[in-house]
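One structure is given here, and the rest of the page talks about it.
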Amino acid sequence: MFKYLKNDLPASIVVFFVALPLCLGIALASGAPLFSGLIAGIVGGIVVGAISGSQIGVSGPAAGLAAIVLVTIGTLGSWENFLLAVVLGGVIQLVFGFLKAGIIGYYFPSSVIKGMLTGIGIIIILKQIPHFFGYDADPEGDFAFFQVDGENTFSEILQTFNNISPGATLIAVIGLTILILWSNVLSKKGKFFQLVQGPLVAVVVGIIFYNLTKDSELWGISSNHLVSVPVPEDASSFLAQFSFPNFGAIGNPQIWITAFTIALVASLETLLCVEATDKLDPEKRVTPTNRELLAQGTGNIVSGLIGGLPITQVIVRSSANIQSGGRTKASAIIHGFFLLISVILIPRLLNMIPLSVLAAILFIVGYKLAKPTLFKTMYDLGWKQFVPFVVTVLGIIFTDLLVGIGLGLGVGIIVILIKSYQNSHFLHIEDKSNGKHKIKMTLAEEVTFFNKGAILKELDSLPRDTYLELDVRKTRYLDNDIIEILDDFAFKAKERNIDIHLISERGMVENPPSFIEFFKLRPKSA
């Protein structure tokens, strides 16, 4: 796990700076104690990170659960009753894992997952514009269109231009300039600039700027534009911030309803995030989804037992980890320790970090998730990919994550039903070994994303030193998801000494360098 520490340590610092305001902001948006968000971030990093099979996913308090938490704390009567629901939700997630419910994650089409990543990227940018200019009426981590401060995403931006803070804006611009120069110019100048990450430099400059200008009426940054970590006076006041569940209320039906809701929503968000992070992973690793449910369940049990918010795997932190060069789960675990150590030892220093600098860091994260070129790429793939993609993006921007995903999935299913024909078999495997590892796989006439899980399982189960004949001569419609799976498999096949013999109407190809490029040349079917 520590083989790539030189990559994982700098990435963990970036994830720490991204996670810190989100942990606090999501707690504030949830109507929960601020420290509960930090507890969830620490547990998500250390506990879930250690158990999870995901190498680059990062877990913590989820923005998608903030509205549920806000409503149910009042409904259940006390924070301690809600913590019991979190613990029970974790237990239910363990049951989901043991029942192998993680396979649900394979039934979301690639276009919807890419739409989810792009939509979240756009939302990050839109939501950070007010913080960038020093207007912090809405807390960090409120990603819903209709906000907890009574505004919506776009009206909040309009309000910002009447409430610009000169000091916060100036240091945000300086921080953004540092980040762009660091990634595009300085990182190519030497190992020092690769080891020390731009976000760390931007944050240090932000702290220095705050201290130099705090007495200035024009350029000073007021406390409500800074990170706000609870500062305990001594060890006993620090321990007093932890809360414990009220197990005496376990017979309350409302608590069980809340627990099941938390388990269901948290599991769905996690599985969606797993699919998304696996797509972003440069090494194309596949996360075991059932193990992820077990890890998340364990994390929610621990978080609930000591006073933390519910946990899911989170795409904002995970994508920041990947973009910063994180290679293994060590980065997620180390970021959890950074959160723990910092809130104990340096809470006052953390409270000197301008939120506008952290907004600049999140701008970069959002842009890398929602690059404009992706829209053209999806358009070029045809309307069957583009329409679900755009619906998902718009749904996330104008509603919230789960509603947007649901709309995209609904459109994706309709598109598939329009284009699909009845077919009882989507693949046929024939062992022609005669003592040799020679396997023939014949794809059927119609192969859609519904078949993704089964095909992925069959390819992953192929033994080393196999000669695979892949026959696509009868295939008239091959979903883009399946092409991506084949392309990822070709990447991993080299390590397992698997040779691929592709048989198509255009001839036979040995170990095609790119399935995506090969199938672009296919004649378009009706």
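To be explicit about the labels: the chains of the structure tokens are called A, B, and onward in the order shown, and within each one the residues are counted from 1, while ligands get numbers from 1 in the order they are shown.
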Return as a tab-separated table the residues of region 346-393 of chain A lying at most 12 Å from region 506-521 of chain A, together with the closest atom-to-atom pair for each and the distance in Å to one decimal, counting only C-alpha atoms, with rows in chain order and ascending residue number.
residue	atom	partner	partner_atom	distance
A:Asp380	CA	A:Lys520	CA	10.2
A:Leu381	CA	A:Lys520	CA	8.9
A:Gly382	CA	A:Lys520	CA	11.2
Could the residues in this selection be written to a file with N, CA, C and O atoms, as a PDB file, in the first residue's frame?
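Output below, filename again.pdb:
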ATOM      1  N   ASP A 380     -20.307  13.169 -30.511  1.00  0.00           N
ATOM      2  CA  ASP A 380     -19.778  12.364 -31.615  1.00  0.00           C
ATOM      3  C   ASP A 380     -20.127  10.883 -31.480  1.00  0.00           C
ATOM      4  O   ASP A 380     -20.130  10.151 -32.471  1.00  0.00           O
ATOM      5  N   LEU A 381     -20.415  10.439 -30.238  1.00  0.00           N
ATOM      6  CA  LEU A 381     -20.783   9.030 -30.032  1.00  0.00           C
ATOM      7  C   LEU A 381     -22.207   8.729 -30.487  1.00  0.00           C
ATOM      8  O   LEU A 381     -22.611   7.565 -30.532  1.00  0.00           O
ATOM      9  N   GLY A 382     -22.996   9.763 -30.796  1.00  0.00           N
ATOM     10  CA  GLY A 382     -24.362   9.561 -31.277  1.00  0.00           C
ATOM     11  C   GLY A 382     -25.400   9.908 -30.230  1.00  0.00           C
ATOM     12  O   GLY A 382     -25.100  10.052 -29.040  1.00  0.00           O
TER      13      GLY A 382
END
Which of region 155-291 of chain A counts as helix (DSSP H, G or I) under DSSP, as a PyMOL selection string please?
chain A and resi 155-160+166-184+186-188+191-195+198-213+223-225+235-239+247-249+253-280+289-291
To one decimal place in Å, what is the distance between CA of Tyr135 (chain A) and CA of Gly25 (chain A)?
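For CA of Tyr135 (chain A) relative to CA of Gly25 (chain A), the distance reads 14.0 Å.
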Give the answer as one residue: which of A:Ser30, A:Asn81, A:Asn224, A:Ser319 has the shortest atom-to-atom distance to Ile250 (chain A), using only C-alpha atoms?
A:Asn81
Take CA of Lys474 (chain A) and CA of Ile416 (chain A) and report the distance between them in Å, one decimal.
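A separation of 18.7 Å between them.
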